[in-house]
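Here's the structure, in structure tokens; my notes come after.
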There are 2 protein chains.
Amino acid sequence: MPNSEHVKLEAYLKERGQKVTKARKAVLRAFMELEGHVTADSLFAAAKKIDPGIGQATVFRTVKLLAEAGLAREACQDEGARTYEHAFRHSHHDHLRCERCGTIVEFYDKTIESAQEVVFKQYGFVAIGHKMELTGLCADCARRGI
Amino acid sequence: MPNSEHVKLEAYLKERGQKVTKARKAVLRAFMELEGHVTADSLFAAAKKIDPGIGQATVFRTVKLLAEAGLAREACQDEGARTYEHAFRHSHHDHLRCERCGTIVEFYDKTIESAQEVVFKQYGFVAIGHKMELTGLCADCARRGI
DNA sequence: GTGATATTGATAATCATTCTCATTTTGGAG
DNA sequence: CTCCAAAATGAGAATGATTATCAATATCAC
């Protein structure tokens, strides 16, 4: 019984001349069974129950594929090394990053900051901090087309 | 000429019975010289120019210390493995995380979402997506005191 | 079915980070 | 200033997550 996630994945693959394989179907099925925040490792474990011969590398590859196909999304956590920025006598700000050229613009938006306070209160949390990154294409990269 | 960052670090160290060392001073000086988003690696390179004998492990240890002392802050990027969540036919949401017990609450706030659109426009960006994580103490942990 | 091509699984390699531990440095007490 | 216990260091090994390599295999348009 092909559900709509499988349909969407197959459409994505066909469109790009990629193949619908046993391993990919197994990873997607495993992913759909899991709730909340899924690591590649827990996905590997779940996928092995469906296809015991599956390799770890394939799971890593496939979960990235799912993200590209719009079926999964990364819950925070960027590529590469952790970075630090000055915090003392540097006012707080958030980041706007260009996915094409990597440019990072720092911004501060009062509406967003105060809306966050509301969210904390709403859930009974005591605020400590927050991290926000908006991603998009900067004016230059957008002009050049994607 | 001791600047206020050094004063703040020394105060933090004294308060906790920790020592003011050559290596720590070198890392702080290097950190103050660098702009923007600093990786442990670039900091290591900069610190070596000040104290050629410094070790990489010390730089990693010290930048964490700077963050604890309130002189640096992590620019996104959590500990541990990357996680994924369902994206297809699952509405977008952001995260509220308890620093004490790790609980993650998913929320959606219309004010924040629309304020983001404004920021994108303001800087001429074409929006792709965003990641936001609010951190604090959940009601239970806050009640138990910190 | 057949063949060109994409994909796989195993493994090695890489990268960032943390741990281990013998040696050195620090700072308070005398 | 000297001594000493405790803290910190640097080198290198260890770890954990992820990615690259590559020969063997599976997929699919024909």
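Labels used: A, B, ... for chains in the order of the structure tokens, numbers from 1 for residues in each chain, and numbers from 1 for ligands as shown.
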
List every residue of chain B that has an atom at most 8 Å from any atom of chain A, giving for each one its closest atom pair and the distance in Å to one decimal, counting only C-alpha atoms, sorted by chain and then by ascending residue number, as CSV.
residue,atom,partner,partner_atom,distance
B:Glu5,CA,A:Phe88,CA,7.4
B:Met32,CA,A:His86,CA,7.7
B:Glu35,CA,A:Glu85,CA,7.7
B:Gly36,CA,A:Glu85,CA,5.9
B:His37,CA,A:Glu85,CA,5.2
B:Val38,CA,A:Tyr84,CA,5.1
B:Thr39,CA,A:Thr83,CA,4.5
B:Ala40,CA,A:Thr83,CA,7.1
B:Gly70,CA,A:Phe88,CA,6.3
B:Leu71,CA,A:Phe88,CA,4.7
B:Ala72,CA,A:Ala87,CA,4.6
B:Arg73,CA,A:Tyr84,CA,5.4
B:Glu74,CA,A:Tyr84,CA,4.5
B:Ala75,CA,A:Tyr84,CA,5.4
B:Cys76,CA,A:Lys131,CA,5.9
B:Gln77,CA,A:Gln77,CA,4.7
B:Asp78,CA,A:Gln77,CA,6.1
B:Ala81,CA,A:Thr39,CA,6.5
B:Arg82,CA,A:Gln77,CA,5.9
B:Thr83,CA,A:Thr39,CA,4.5
B:Tyr84,CA,A:Glu74,CA,4.5
B:Glu85,CA,A:His37,CA,5.2
B:His86,CA,A:Ala72,CA,4.7
B:Ala87,CA,A:Ala72,CA,4.6
B:Phe88,CA,A:Leu71,CA,4.7
B:Leu96,CA,A:Phe120,CA,8.0
B:Cys98,CA,A:Phe125,CA,7.9
B:Asp109,CA,A:Val119,CA,7.6
B:Thr111,CA,A:Ala115,CA,6.5
B:Ile112,CA,A:Ile112,CA,5.3
B:Ala115,CA,A:Ile112,CA,6.2
B:Gln116,CA,A:Ile112,CA,7.6
B:Val119,CA,A:Asp109,CA,7.5
B:Phe120,CA,A:Gly136,CA,7.9
B:Tyr123,CA,A:Cys138,CA,7.7
B:Gly124,CA,A:Ala139,CA,5.1
B:Phe125,CA,A:Cys138,CA,4.5
B:Val126,CA,A:Leu137,CA,5.0
B:Ala127,CA,A:Gly136,CA,4.4
B:Ile128,CA,A:Gly136,CA,4.4
B:Gly129,CA,A:Thr135,CA,5.1
B:His130,CA,A:Leu134,CA,4.1
B:Lys131,CA,A:Glu133,CA,5.3
B:Met132,CA,A:Met132,CA,4.2
B:Glu133,CA,A:Lys131,CA,5.4
B:Leu134,CA,A:His130,CA,4.1
B:Thr135,CA,A:Gly129,CA,5.1
B:Gly136,CA,A:Ile128,CA,4.4
B:Leu137,CA,A:Val126,CA,5.0
B:Cys138,CA,A:Phe125,CA,4.5
B:Ala139,CA,A:Gly124,CA,5.1
B:Ala142,CA,A:Val126,CA,6.8

Go ahead and save the residues from that selection, with C-alpha atoms, as a PDB file, in the first residue's frame.
ATOM      1  CA  GLU B   5      37.547  41.180  29.195  1.00  0.00           C
ATOM      2  CA  MET B  32      39.468  39.333  21.096  1.00  0.00           C
ATOM      3  CA  GLU B  35      36.002  39.033  14.294  1.00  0.00           C
ATOM      4  CA  GLY B  36      32.743  37.307  13.530  1.00  0.00           C
ATOM      5  CA  HIS B  37      32.368  33.562  13.805  1.00  0.00           C
ATOM      6  CA  VAL B  38      35.380  31.848  15.222  1.00  0.00           C
ATOM      7  CA  THR B  39      36.084  28.127  15.017  1.00  0.00           C
ATOM      8  CA  ALA B  40      38.309  26.395  17.549  1.00  0.00           C
ATOM      9  CA  GLY B  70      29.996  34.903  29.443  1.00  0.00           C
ATOM     10  CA  LEU B  71      32.720  36.198  27.157  1.00  0.00           C
ATOM     11  CA  ALA B  72      31.844  34.034  24.187  1.00  0.00           C
ATOM     12  CA  ARG B  73      28.713  32.359  22.998  1.00  0.00           C
ATOM     13  CA  GLU B  74      28.093  29.490  20.668  1.00  0.00           C
ATOM     14  CA  ALA B  75      26.677  30.583  17.346  1.00  0.00           C
ATOM     15  CA  CYS B  76      24.199  27.725  16.770  1.00  0.00           C
ATOM     16  CA  GLN B  77      25.378  24.129  16.715  1.00  0.00           C
ATOM     17  CA  ASP B  78      24.521  21.782  19.550  1.00  0.00           C
ATOM     18  CA  ALA B  81      24.635  13.918  16.537  1.00  0.00           C
ATOM     19  CA  ARG B  82      22.536  15.738  14.009  1.00  0.00           C
ATOM     20  CA  THR B  83      18.842  14.977  14.188  1.00  0.00           C
ATOM     21  CA  TYR B  84      16.065  14.930  11.630  1.00  0.00           C
ATOM     22  CA  GLU B  85      12.347  15.302  11.969  1.00  0.00           C
ATOM     23  CA  HIS B  86       9.368  14.654   9.709  1.00  0.00           C
ATOM     24  CA  ALA B  87       8.792  17.460   7.235  1.00  0.00           C
ATOM     25  CA  PHE B  88       6.174  16.243   4.769  1.00  0.00           C
ATOM     26  CA  LEU B  96      11.809  25.087  23.101  1.00  0.00           C
ATOM     27  CA  CYS B  98      14.982  22.667  28.700  1.00  0.00           C
ATOM     28  CA  ASP B 109       4.206  31.256  16.772  1.00  0.00           C
ATOM     29  CA  THR B 111       4.124  36.592  15.222  1.00  0.00           C
ATOM     30  CA  ILE B 112       7.639  35.186  14.997  1.00  0.00           C
ATOM     31  CA  ALA B 115       8.443  38.968  11.676  1.00  0.00           C
ATOM     32  CA  GLN B 116      10.964  36.734   9.941  1.00  0.00           C
ATOM     33  CA  VAL B 119      13.724  40.575   8.203  1.00  0.00           C
ATOM     34  CA  PHE B 120      14.282  38.682   4.945  1.00  0.00           C
ATOM     35  CA  TYR B 123      18.099  42.556   3.820  1.00  0.00           C
ATOM     36  CA  GLY B 124      17.049  41.688   0.295  1.00  0.00           C
ATOM     37  CA  PHE B 125      17.109  37.953   0.955  1.00  0.00           C
ATOM     38  CA  VAL B 126      14.959  35.336  -0.718  1.00  0.00           C
ATOM     39  CA  ALA B 127      13.661  33.196   2.150  1.00  0.00           C
ATOM     40  CA  ILE B 128      14.441  29.500   2.228  1.00  0.00           C
ATOM     41  CA  GLY B 129      13.944  28.505   5.829  1.00  0.00           C
ATOM     42  CA  HIS B 130      14.959  29.006   9.392  1.00  0.00           C
ATOM     43  CA  LYS B 131      15.869  27.253  12.559  1.00  0.00           C
ATOM     44  CA  MET B 132      15.082  28.578  15.964  1.00  0.00           C
ATOM     45  CA  GLU B 133      15.627  27.087  19.341  1.00  0.00           C
ATOM     46  CA  LEU B 134      14.660  28.786  22.556  1.00  0.00           C
ATOM     47  CA  THR B 135      16.473  27.470  25.617  1.00  0.00           C
ATOM     48  CA  GLY B 136      15.391  27.783  29.195  1.00  0.00           C
ATOM     49  CA  LEU B 137      14.200  25.789  32.161  1.00  0.00           C
ATOM     50  CA  CYS B 138      10.943  23.928  31.937  1.00  0.00           C
ATOM     51  CA  ALA B 139       8.368  24.495  34.649  1.00  0.00           C
ATOM     52  CA  ALA B 142      12.520  25.676  37.448  1.00  0.00           C
TER      53      ALA B 142
END

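Excluding DG27 of chain C itself and any same-chain residue fewer than 4 positions from it, the protein and nucleic acid residues within 10 Å of it, counting only C-alpha atoms (C1' of nucleotides), are Lys19 and Val20 of chain B; DA6 of chain D.
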
Could those selected residues go to a file with N, CA, C and O atoms (P, O5', C5', C4', C3', O3' and C1' of nucleotides), as a PDB file, in the first residue's frame?
ATOM      1  N   LYS B  19      42.747  28.885  38.019  1.00  0.00           N
ATOM      2  CA  LYS B  19      43.958  29.684  37.890  1.00  0.00           C
ATOM      3  C   LYS B  19      44.051  30.508  36.610  1.00  0.00           C
ATOM      4  O   LYS B  19      43.561  30.097  35.570  1.00  0.00           O
ATOM      5  N   VAL B  20      44.664  31.648  36.748  1.00  0.00           N
ATOM      6  CA  VAL B  20      44.888  32.537  35.606  1.00  0.00           C
ATOM      7  C   VAL B  20      46.218  32.117  34.984  1.00  0.00           C
ATOM      8  O   VAL B  20      47.262  32.312  35.587  1.00  0.00           O
TER       9      VAL B  20
ATOM     10  P    DA D   6      45.593  18.693  47.553  1.00  0.00           P
ATOM     11  O5'  DA D   6      45.042  19.656  46.426  1.00  0.00           O
ATOM     12  C5'  DA D   6      44.972  21.057  46.687  1.00  0.00           C
ATOM     13  C4'  DA D   6      44.857  21.774  45.354  1.00  0.00           C
ATOM     14  C3'  DA D   6      43.964  21.031  44.352  1.00  0.00           C
ATOM     15  O3'  DA D   6      43.059  21.966  43.793  1.00  0.00           O
ATOM     16  C1'  DA D   6      46.100  21.518  43.396  1.00  0.00           C
TER      17       DA D   6
END

With a distance threshold of 12 Å and counting only C-alpha atoms (C1' of nucleotides), extract the residues of chain B near chain D and express them as a list in words. Leu13, Arg16, Gly17, Gln18, Lys19, Val20, Thr21, Lys22, Ala23, Arg24, Pro52, Gly53, Ile54, Gly55, Gln56, Ala57, Thr58, Val59, Arg61, Thr62, Glu79, Gly80, Ala81, Arg82 and Thr83 of chain B

Dump as a JSON list (two decimals), in the first residue's frame, selection limited to N, CA and C atoms:
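What ended up in selection_23.json:
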[["chain", "number", "residue", "atom", "x", "y", "z"],
["B", 13, "LEU", "N", 37.43, 33.25, 37.16],
["B", 13, "LEU", "CA", 38.34, 32.18, 37.59],
["B", 13, "LEU", "C", 38.54, 32.20, 39.11],
["B", 16, "ARG", "N", 35.91, 30.75, 41.27],
["B", 16, "ARG", "CA", 35.76, 29.30, 41.25],
["B", 16, "ARG", "C", 37.06, 28.58, 41.61],
["B", 17, "GLY", "N", 38.01, 29.30, 42.16],
["B", 17, "GLY", "CA", 39.27, 28.68, 42.56],
["B", 17, "GLY", "C", 40.09, 28.14, 41.40],
["B", 18, "GLN", "N", 39.89, 28.75, 40.23],
["B", 18, "GLN", "CA", 40.67, 28.32, 39.07],
["B", 18, "GLN", "C", 41.79, 29.31, 38.82],
["B", 19, "LYS", "N", 42.75, 28.88, 38.02],
["B", 19, "LYS", "CA", 43.96, 29.68, 37.89],
["B", 19, "LYS", "C", 44.05, 30.51, 36.61],
["B", 20, "VAL", "N", 44.66, 31.65, 36.75],
["B", 20, "VAL", "CA", 44.89, 32.54, 35.61],
["B", 20, "VAL", "C", 46.22, 32.12, 34.98],
["B", 21, "THR", "N", 46.17, 31.51, 33.84],
["B", 21, "THR", "CA", 47.40, 30.98, 33.25],
["B", 21, "THR", "C", 47.76, 31.71, 31.97],
["B", 22, "LYS", "N", 49.00, 31.48, 31.58],
["B", 22, "LYS", "CA", 49.54, 32.03, 30.33],
["B", 22, "LYS", "C", 48.67, 31.60, 29.15],
["B", 23, "ALA", "N", 48.33, 30.32, 29.12],
["B", 23, "ALA", "CA", 47.55, 29.80, 28.01],
["B", 23, "ALA", "C", 46.18, 30.45, 27.94],
["B", 24, "ARG", "N", 45.54, 30.61, 29.07],
["B", 24, "ARG", "CA", 44.20, 31.21, 29.07],
["B", 24, "ARG", "C", 44.24, 32.66, 28.63],
["B", 52, "PRO", "N", 53.39, 30.23, 20.94],
["B", 52, "PRO", "CA", 53.63, 29.16, 19.97],
["B", 52, "PRO", "C", 53.54, 27.76, 20.57],
["B", 53, "GLY", "N", 53.75, 27.63, 21.86],
["B", 53, "GLY", "CA", 53.74, 26.30, 22.45],
["B", 53, "GLY", "C", 52.37, 25.79, 22.84],
["B", 54, "ILE", "N", 51.34, 26.59, 22.61],
["B", 54, "ILE", "CA", 50.01, 26.22, 23.10],
["B", 54, "ILE", "C", 49.46, 24.98, 22.39],
["B", 55, "GLY", "N", 48.73, 24.17, 23.13],
["B", 55, "GLY", "CA", 48.18, 22.94, 22.55],
["B", 55, "GLY", "C", 46.73, 23.10, 22.13],
["B", 56, "GLN", "N", 46.35, 22.29, 21.18],
["B", 56, "GLN", "CA", 44.99, 22.37, 20.63],
["B", 56, "GLN", "C", 43.94, 22.07, 21.71],
["B", 57, "ALA", "N", 44.23, 21.08, 22.52],
["B", 57, "ALA", "CA", 43.28, 20.69, 23.56],
["B", 57, "ALA", "C", 43.00, 21.86, 24.49],
["B", 58, "THR", "N", 44.04, 22.62, 24.77],
["B", 58, "THR", "CA", 43.88, 23.77, 25.67],
["B", 58, "THR", "C", 42.96, 24.81, 25.05],
["B", 59, "VAL", "N", 43.08, 24.99, 23.74],
["B", 59, "VAL", "CA", 42.22, 25.96, 23.07],
["B", 59, "VAL", "C", 40.76, 25.51, 23.17],
["B", 61, "ARG", "N", 39.49, 23.58, 25.45],
["B", 61, "ARG", "CA", 39.08, 23.74, 26.84],
["B", 61, "ARG", "C", 38.78, 25.20, 27.15],
["B", 62, "THR", "N", 39.64, 26.08, 26.65],
["B", 62, "THR", "CA", 39.54, 27.48, 27.04],
["B", 62, "THR", "C", 38.37, 28.20, 26.37],
["B", 79, "GLU", "N", 25.50, 20.02, 20.78],
["B", 79, "GLU", "CA", 26.34, 18.84, 21.03],
["B", 79, "GLU", "C", 25.75, 17.65, 20.27],
["B", 80, "GLY", "N", 26.57, 16.63, 20.15],
["B", 80, "GLY", "CA", 26.06, 15.34, 19.70],
["B", 80, "GLY", "C", 25.68, 15.26, 18.24],
["B", 81, "ALA", "N", 24.95, 14.22, 17.93],
["B", 81, "ALA", "CA", 24.64, 13.92, 16.54],
["B", 81, "ALA", "C", 23.52, 14.79, 16.00],
["B", 82, "ARG", "N", 23.56, 14.99, 14.70],
["B", 82, "ARG", "CA", 22.54, 15.74, 14.01],
["B", 82, "ARG", "C", 21.21, 14.97, 14.09],
["B", 83, "THR", "N", 20.12, 15.67, 14.17],
["B", 83, "THR", "CA", 18.84, 14.98, 14.19],
["B", 83, "THR", "C", 17.94, 15.48, 13.06]]

How would you write, as number ranges by chain, the set of residues in chain A that DSSP gives as alpha helix (DSSP H)? A: 4-15, 22-33, 40-50, 56-68, 110-122, 139-143

Let's see if you can do this: from backbone DSSP, list all strand (DSSP E) residues in chain A, as a count of residues only. 30

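Within 9 Å of chain A, chain C contributes the residues C:DA6, C:DT7, C:DT8, C:DG9, C:DA10, C:DC15, C:DA16, using only C-alpha atoms (C1' of nucleotides).
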
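Atom pair atom CA of Tyr12 of chain A / atom CA of Val27 of chain A: separated by 15.4 Å.
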
How far is it from atom CA of His6 of chain A to atom CA of Leu65 of chain A, in Å with one decimal? 12.9 Å

Atom-to-atom span, atom CA of Ile50 of chain B and atom CA of Ala30 of chain B, Å: 7.4 Å
